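What follows is a set of notes on a single structure, which appears directly below.
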Amino acid sequence: MVVCRGEGTAVRIDEKLIDFFNRPLMSIIAAADEAGRPTAGRGIGFHLEDDRKTMEVIFSGWQWPRLEPSIRGGGKMAVTFVSPSDYVSFQLKGPAVMRDTEAQDLDRAERFITAATDELEALGVARPLSVPWLTARGARVARLSISEIYVQTPGPLAGMLAGADPG
Amino acid sequence: MTLRLSDLSACFEGVIPSIIATASADGMPNISYLSHVVQVDADHVALSNQFFAKTAANVRANPKVTLILVDGATGDQFLLDIGFVRSVDGGALFDRIARQLKASSAQVGMSEVMRLRSADLFRVHGIEKVLSPAEGAPATVGRAPPGLPALSEALDLIEQQPGADEIIECLLDGVRSVLGFDHALVLIRDGDRDCLITTGSIGYEPSGLGSEILGGEGLIGASALSGQTIKVSDMSRVRRFGEAISQETQAAENSTRSVTFPKMPMAMSQIAVPMVARGTVTGVLFVESEQRLAFPDDDEAALKILAGRAAGALRASEWEAANAEATPPMPQAAFAVGREIRVVHHRFDDSVFVDGIYIVKGVAGVLLRLMLEWHLSEGRSEFTNRELRLAAGSRMPELKDNLETRLLLLRRRLDEKKSALRFVRVGRGRVRLETDGVPSLEGGRE
């Protein structure tokens with residue numbers, strides 16, 4: 001199930017996956033420090049650049065303080081996006097760097113959080129339950145150069161490579 | 001305050017997915033949701049990782065792992081530093097994880113897909129609470145744990161009851177009065193037919209008395225099979241295949257010779273507690289609630305104590321009824337008058353219909369046929385457990401352990417169907433047939 005194709009040193013997200021990224025989503029992020037210790041957190045927004053090979057991922061530095069130093073130290077990042085209504089999930093991986101937060105990142109975070117919270121509520125997750133998960137406080141932005149994409153939907157295809165940097 | 005795994009019990013209910021972050025030997029991170037995390041002891045957790053080969057490969061190359069657990073009641077999040085210890089693919093720990101996974105995956109309608117092949121054991125090195133933007137918001141006030149005096153009183157009442165009827169009533173009353181749950185069932189094991197039969201019911205309309213769970217089917221069957229309590233704490237994720245409740249008609253009951261299992265349409269939590277007497281599972285207490293996470297550990301323990309006491313009392317009552325020095329019933333003239341009550345017995349499944357209405361099958365059907373035969377041939381209306389056991393016991397060896405509950409099921413089904421036949425208990429180990437007419441008995445066309 002190939003949903004994107006390799007090109008140069010990064011993979012490019014194709015039309016099918018673009019549709020997925022237009023749905024209400026939740027996201028989770030991992031990075032590992034120089035010692036190989038992984039850490040995790042939740043994403044609160046993203047922006048796919050026009051080249052479709054780079055994704056900017058927003059998270060709360062206040063809530064997940066270990067993420068930024070790990071991204072800076074290890075230089076890599078993994079992000080999994082899931083559509084809560086049907087569990088369809090994709091994981092994106094690759095080299096990552098931090099950049100300064102801008103006003104438009106906060107707008108993106110607000111839209112993402114609102115869409116996710118509304119979707120969860122429609123699926124029966126009461127708002128007070130999901131409030132602790134998503135905050136834009138201390139928003140930070142990482143730029144991910146996508147080198148691998150995996151199907152992560154629970155089921156027999158989970159973990160299958162859906163696209164990779166051909167090297 | 002240092003957090004311990006025991007402080008995180010609401011995170012292990014499988015309500016909100018956990019998150020696992022690993023890294024490969026070259027430092028490439030990997031992150032995925034996790035179906036279930038099981039607390040093994042004060043310092044260890046076990047993870048089921050059915051599909052994610054990358055996660056499994058990473059933890060073997062780099063044992064450092066981070067978990068995010070979420071409290072299903074408050075939404076609070078916890079970051080755990082854990083280290084891989086070993087994989088388990090058999091034994092008691094594996095069985096426990098597999099059972100919990102089955103209950104958990106039932107919540108997302110994937111119990112058939114998510115079969116556990118192996119589980120990974122991790123040591124917990126540190127736990128920290130993730131900062132929450134909702135900090136300071138008023139905490140949700142949960143229900144108080146069940147009071148010990150009320151529980152003690154309910155146990156005493158169960159112990160004092162003379163027969164299976166009252167013991168099961170008392171057990172269900174206890175579920176309602178001690179714990180406040182309004183929907184509960186008692187299912188009694190029928191070893192001869194490898195099923196569990198609903199023999200007590202509160203809160204359901206129709207009651208579902210006489211409905212059956214076959215073998216290890218669903219939560220209830222799995223609980224009976226394993227002898228372990230199994231619960232589901234959030235049904236909202238269940239993919240509700242054909243969720244529309246089929247209110248089966250009497251016509252359907254008549255044609256299928258089976259009673260529809262009762263359902264609580266808006267159930268969010270379910271628990272199945274085995275009724276164990278001297279190491280043997282004799283039945284299951286099943287409770288449902290419209291609340292998420294309705295069965296915290298204290299409630300689970302109280303239900304287990306109530307179910308255990310009822311199982312013991314039922315066994316004792318069976319023994320007492322079997323050994324009661326009942327005076328042999330004297331032939332009595334049958335004075336029944338009035339219309340014919342047509343009773344049909346089908347030998348192939350021992351199902352019984354009264355005036356065209358399906359009543360019961362299996363052991364209870366055999367008992368009804370026997371008593372009616374004696375009534376018609378000897379003209380008497382009172383029967384003892386002892387003679388029933390002697391007459392049917394050779395064909396149904398388990399009857400010695402559950403005759404009382406089978407008679408109870410028969411009585412209740414006849415009452416529920418407002419049948420023209422009734423059986424009334426007239427003393428320990430003795431019942432009397434009452435009729436509103438003249439019964440006839442015939443064999444069904446098979």
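Residue numbering restarts at 1 in every chain; chains get A, B, ... in the order shown in the structure tokens, and ligands count up from 1 in that same order.
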
Can you check which parts of chain B lie within 6 Å of chain A? Per residue, the shortest pair of atoms and distance in Å to one decimal, counting only C-alpha atoms, sorted by chain and number, as JSON lines.
{"residue": "B:Ala21", "atom": "CA", "partner": "A:Ala30", "partner_atom": "CA", "distance": 5.9}
{"residue": "B:Thr22", "atom": "CA", "partner": "A:Pro38", "partner_atom": "CA", "distance": 5.6}
{"residue": "B:Ala23", "atom": "CA", "partner": "A:Pro38", "partner_atom": "CA", "distance": 5.9}
{"residue": "B:Gly27", "atom": "CA", "partner": "A:Gly36", "partner_atom": "CA", "distance": 5.6}
{"residue": "B:Pro29", "atom": "CA", "partner": "A:Ala31", "partner_atom": "CA", "distance": 5.4}
{"residue": "B:Asn30", "atom": "CA", "partner": "A:Ala78", "partner_atom": "CA", "distance": 5.7}
{"residue": "B:Ile31", "atom": "CA", "partner": "A:Ala30", "partner_atom": "CA", "distance": 5.7}
{"residue": "B:Phe51", "atom": "CA", "partner": "A:Ala158", "partner_atom": "CA", "distance": 5.9}
{"residue": "B:Phe52", "atom": "CA", "partner": "A:Gly159", "partner_atom": "CA", "distance": 5.6}
{"residue": "B:Lys64", "atom": "CA", "partner": "A:Arg37", "partner_atom": "CA", "distance": 5.7}
{"residue": "B:Thr66", "atom": "CA", "partner": "A:Thr39", "partner_atom": "CA", "distance": 5.6}
{"residue": "B:Thr74", "atom": "CA", "partner": "A:Leu129", "partner_atom": "CA", "distance": 5.6}
{"residue": "B:Gly75", "atom": "CA", "partner": "A:Leu129", "partner_atom": "CA", "distance": 4.6}
{"residue": "B:Leu131", "atom": "CA", "partner": "A:Gln63", "partner_atom": "CA", "distance": 5.3}
{"residue": "B:Ser132", "atom": "CA", "partner": "A:Pro132", "partner_atom": "CA", "distance": 4.8}
{"residue": "B:Pro133", "atom": "CA", "partner": "A:Pro132", "partner_atom": "CA", "distance": 5.6}
{"residue": "B:Ala134", "atom": "CA", "partner": "A:Pro132", "partner_atom": "CA", "distance": 5.6}

Keeping only all heavy atoms, take the residues you just selected and write them out as a tab-separated table (two decimals), in the first residue's frame.
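Now in result.tsv:
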chain	number	residue	atom	x	y	z
B	21	ALA	N	6.89	5.16	23.22
B	21	ALA	CA	7.96	5.73	22.40
B	21	ALA	C	9.20	4.88	22.60
B	21	ALA	O	9.60	4.59	23.73
B	21	ALA	CB	8.24	7.18	22.80
B	22	THR	N	9.79	4.46	21.48
B	22	THR	CA	11.03	3.69	21.51
B	22	THR	C	12.02	4.36	20.57
B	22	THR	O	11.66	5.30	19.84
B	22	THR	CB	10.80	2.24	21.04
B	22	THR	OG1	10.30	2.27	19.70
B	22	THR	CG2	9.79	1.54	21.94
B	23	ALA	N	13.26	3.87	20.59
B	23	ALA	CA	14.24	4.38	19.62
B	23	ALA	C	15.10	3.21	19.15
B	23	ALA	O	15.42	2.31	19.94
B	23	ALA	CB	15.11	5.46	20.25
B	27	GLY	N	19.14	5.66	16.92
B	27	GLY	CA	18.50	6.86	17.47
B	27	GLY	C	17.25	7.33	16.75
B	27	GLY	O	16.71	8.39	17.06
B	29	PRO	N	13.54	7.57	16.44
B	29	PRO	CA	12.43	7.28	17.35
B	29	PRO	C	11.27	6.60	16.64
B	29	PRO	O	11.17	6.64	15.41
B	29	PRO	CB	12.03	8.66	17.87
B	29	PRO	CG	12.47	9.61	16.81
B	29	PRO	CD	13.66	8.99	16.12
B	30	ASN	N	10.42	6.00	17.43
B	30	ASN	CA	9.19	5.36	16.91
B	30	ASN	C	8.10	5.60	17.95
B	30	ASN	O	8.35	5.51	19.16
B	30	ASN	CB	9.41	3.86	16.74
B	30	ASN	CG	8.27	3.19	15.97
B	30	ASN	OD1	8.25	3.21	14.75
B	30	ASN	ND2	7.30	2.64	16.70
B	31	ILE	N	6.91	5.91	17.48
B	31	ILE	CA	5.82	6.18	18.44
B	31	ILE	C	4.53	5.56	17.97
B	31	ILE	O	4.18	5.66	16.78
B	31	ILE	CB	5.66	7.69	18.70
B	31	ILE	CG1	4.63	7.93	19.80
B	31	ILE	CG2	5.31	8.46	17.42
B	31	ILE	CD1	4.94	9.10	20.67
B	51	PHE	N	0.93	-5.93	16.80
B	51	PHE	CA	1.15	-5.62	15.40
B	51	PHE	C	2.43	-4.85	15.12
B	51	PHE	O	2.88	-4.81	14.00
B	51	PHE	CB	-0.03	-4.81	14.86
B	51	PHE	CG	-1.32	-5.58	14.90
B	51	PHE	CD1	-2.40	-5.12	15.61
B	51	PHE	CD2	-1.41	-6.76	14.22
B	51	PHE	CE1	-3.58	-5.83	15.63
B	51	PHE	CE2	-2.59	-7.49	14.23
B	51	PHE	CZ	-3.67	-7.02	14.93
B	52	PHE	N	2.97	-4.19	16.14
B	52	PHE	CA	4.02	-3.23	15.85
B	52	PHE	C	5.41	-3.85	15.97
B	52	PHE	O	6.05	-3.82	17.00
B	52	PHE	CB	3.84	-2.00	16.73
B	52	PHE	CG	2.50	-1.37	16.52
B	52	PHE	CD1	1.62	-1.19	17.56
B	52	PHE	CD2	2.10	-1.00	15.25
B	52	PHE	CE1	0.38	-0.63	17.35
B	52	PHE	CE2	0.84	-0.45	15.02
B	52	PHE	CZ	-0.02	-0.26	16.07
B	64	LYS	N	15.61	1.17	26.50
B	64	LYS	CA	15.02	2.37	27.11
B	64	LYS	C	13.72	2.73	26.39
B	64	LYS	O	13.72	2.91	25.16
B	64	LYS	CB	16.00	3.54	27.02
B	64	LYS	CG	17.30	3.30	27.75
B	64	LYS	CD	18.28	4.40	27.39
B	64	LYS	CE	19.67	4.10	27.94
B	64	LYS	NZ	20.69	4.99	27.35
B	66	THR	N	9.79	4.96	26.76
B	66	THR	CA	8.92	5.91	27.48
B	66	THR	C	7.46	5.58	27.16
B	66	THR	O	7.12	5.32	26.02
B	66	THR	CB	9.23	7.36	27.06
B	66	THR	OG1	10.54	7.69	27.52
B	66	THR	CG2	8.25	8.33	27.68
B	74	THR	N	-10.10	10.84	34.72
B	74	THR	CA	-9.82	12.28	34.81
B	74	THR	C	-9.16	12.84	33.55
B	74	THR	O	-9.14	14.05	33.35
B	74	THR	CB	-8.89	12.58	35.99
B	74	THR	OG1	-7.63	11.91	35.73
B	74	THR	CG2	-9.47	12.06	37.30
B	75	GLY	N	-8.58	11.97	32.74
B	75	GLY	CA	-7.80	12.44	31.59
B	75	GLY	C	-6.37	12.78	31.95
B	75	GLY	O	-5.57	13.13	31.06
B	131	LEU	N	2.11	17.91	33.17
B	131	LEU	CA	1.38	19.13	33.50
B	131	LEU	C	0.09	19.20	32.69
B	131	LEU	O	0.05	18.80	31.53
B	131	LEU	CB	2.24	20.35	33.19
B	131	LEU	CG	3.46	20.56	34.08
B	131	LEU	CD1	4.32	21.70	33.53
B	131	LEU	CD2	3.05	20.83	35.52
B	132	SER	N	-0.95	19.70	33.34
B	132	SER	CA	-2.24	19.77	32.66
B	132	SER	C	-2.78	21.19	32.67
B	132	SER	O	-2.74	21.86	33.70
B	132	SER	CB	-3.24	18.85	33.38
B	132	SER	OG	-4.56	19.15	32.96
B	133	PRO	N	-3.31	21.64	31.53
B	133	PRO	CA	-3.93	22.97	31.50
B	133	PRO	C	-5.19	23.02	32.35
B	133	PRO	O	-5.70	24.10	32.65
B	133	PRO	CB	-4.26	23.17	30.02
B	133	PRO	CG	-4.34	21.80	29.45
B	133	PRO	CD	-3.39	20.96	30.23
B	134	ALA	N	-5.70	21.84	32.73
B	134	ALA	CA	-6.93	21.80	33.54
B	134	ALA	C	-6.61	21.78	35.03
B	134	ALA	O	-7.51	21.62	35.85
B	134	ALA	CB	-7.75	20.57	33.16

task: Step one, run DSSP on the backbone; step two, keep only residues of segment 4-165 of chain A assigned to strand (DSSP E or B); then write them as a VMD selection string.
output: chain A and resid 4 to 7 10 to 13 26 to 32 38 to 48 54 to 60 76 to 82 89 to 99 139 to 145 148 to 151 161 to 164

Which residues of segment 269-321 of chain B come within 7 Å of segment 220-225 of chain B, and what is each one's closest atom pair and distance in Å (one decimal), counting only C-alpha atoms, sorted by chain and residue number, as JSON lines?
{"residue": "B:Ala272", "atom": "CA", "partner": "B:Ile220", "partner_atom": "CA", "distance": 5.4}
{"residue": "B:Val273", "atom": "CA", "partner": "B:Ser223", "partner_atom": "CA", "distance": 6.6}
{"residue": "B:Pro274", "atom": "CA", "partner": "B:Ala224", "partner_atom": "CA", "distance": 5.7}
{"residue": "B:Val281", "atom": "CA", "partner": "B:Ala224", "partner_atom": "CA", "distance": 6.3}
{"residue": "B:Gly283", "atom": "CA", "partner": "B:Ala224", "partner_atom": "CA", "distance": 6.8}
{"residue": "B:Val284", "atom": "CA", "partner": "B:Ala224", "partner_atom": "CA", "distance": 6.4}

Only all heavy atoms, please: the residues just picked out, written as an mmCIF file, in the first residue's frame.
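New file selection_39.cif:
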data_model
loop_
_atom_site.group_PDB
_atom_site.id
_atom_site.type_symbol
_atom_site.label_atom_id
_atom_site.label_comp_id
_atom_site.auth_asym_id
_atom_site.auth_seq_id
_atom_site.Cartn_x
_atom_site.Cartn_y
_atom_site.Cartn_z
ATOM 1 N N ALA B 272 -17.984 -9.161 34.706
ATOM 2 C CA ALA B 272 -18.407 -10.553 34.903
ATOM 3 C C ALA B 272 -17.557 -11.133 36.017
ATOM 4 O O ALA B 272 -16.330 -11.172 35.918
ATOM 5 C CB ALA B 272 -18.233 -11.346 33.612
ATOM 6 N N VAL B 273 -18.231 -11.544 37.097
ATOM 7 C CA VAL B 273 -17.518 -12.035 38.277
ATOM 8 C C VAL B 273 -17.867 -13.515 38.456
ATOM 9 O O VAL B 273 -19.049 -13.863 38.592
ATOM 10 C CB VAL B 273 -17.966 -11.259 39.540
ATOM 11 C CG1 VAL B 273 -17.157 -11.697 40.758
ATOM 12 C CG2 VAL B 273 -17.849 -9.756 39.321
ATOM 13 N N PRO B 274 -16.871 -14.390 38.445
ATOM 14 C CA PRO B 274 -17.191 -15.806 38.598
ATOM 15 C C PRO B 274 -17.711 -16.107 40.000
ATOM 16 O O PRO B 274 -17.246 -15.521 40.977
ATOM 17 C CB PRO B 274 -15.848 -16.508 38.356
ATOM 18 C CG PRO B 274 -14.825 -15.476 38.657
ATOM 19 C CD PRO B 274 -15.438 -14.146 38.330
ATOM 20 N N VAL B 281 -16.098 -23.125 39.555
ATOM 21 C CA VAL B 281 -16.961 -22.047 39.057
ATOM 22 C C VAL B 281 -18.358 -22.618 38.846
ATOM 23 O O VAL B 281 -18.556 -23.517 38.028
ATOM 24 C CB VAL B 281 -16.421 -21.456 37.744
ATOM 25 C CG1 VAL B 281 -17.375 -20.393 37.211
ATOM 26 C CG2 VAL B 281 -15.040 -20.854 37.952
ATOM 27 N N GLY B 283 -21.119 -20.452 38.515
ATOM 28 C CA GLY B 283 -21.941 -19.471 37.804
ATOM 29 C C GLY B 283 -21.180 -18.167 37.644
ATOM 30 O O GLY B 283 -19.979 -18.089 37.944
ATOM 31 N N VAL B 284 -21.878 -17.161 37.159
ATOM 32 C CA VAL B 284 -21.269 -15.842 36.948
ATOM 33 C C VAL B 284 -22.266 -14.766 37.366
ATOM 34 O O VAL B 284 -23.457 -14.844 37.036
ATOM 35 C CB VAL B 284 -20.880 -15.631 35.461
ATOM 36 C CG1 VAL B 284 -20.469 -14.197 35.201
ATOM 37 C CG2 VAL B 284 -19.743 -16.575 35.048
#
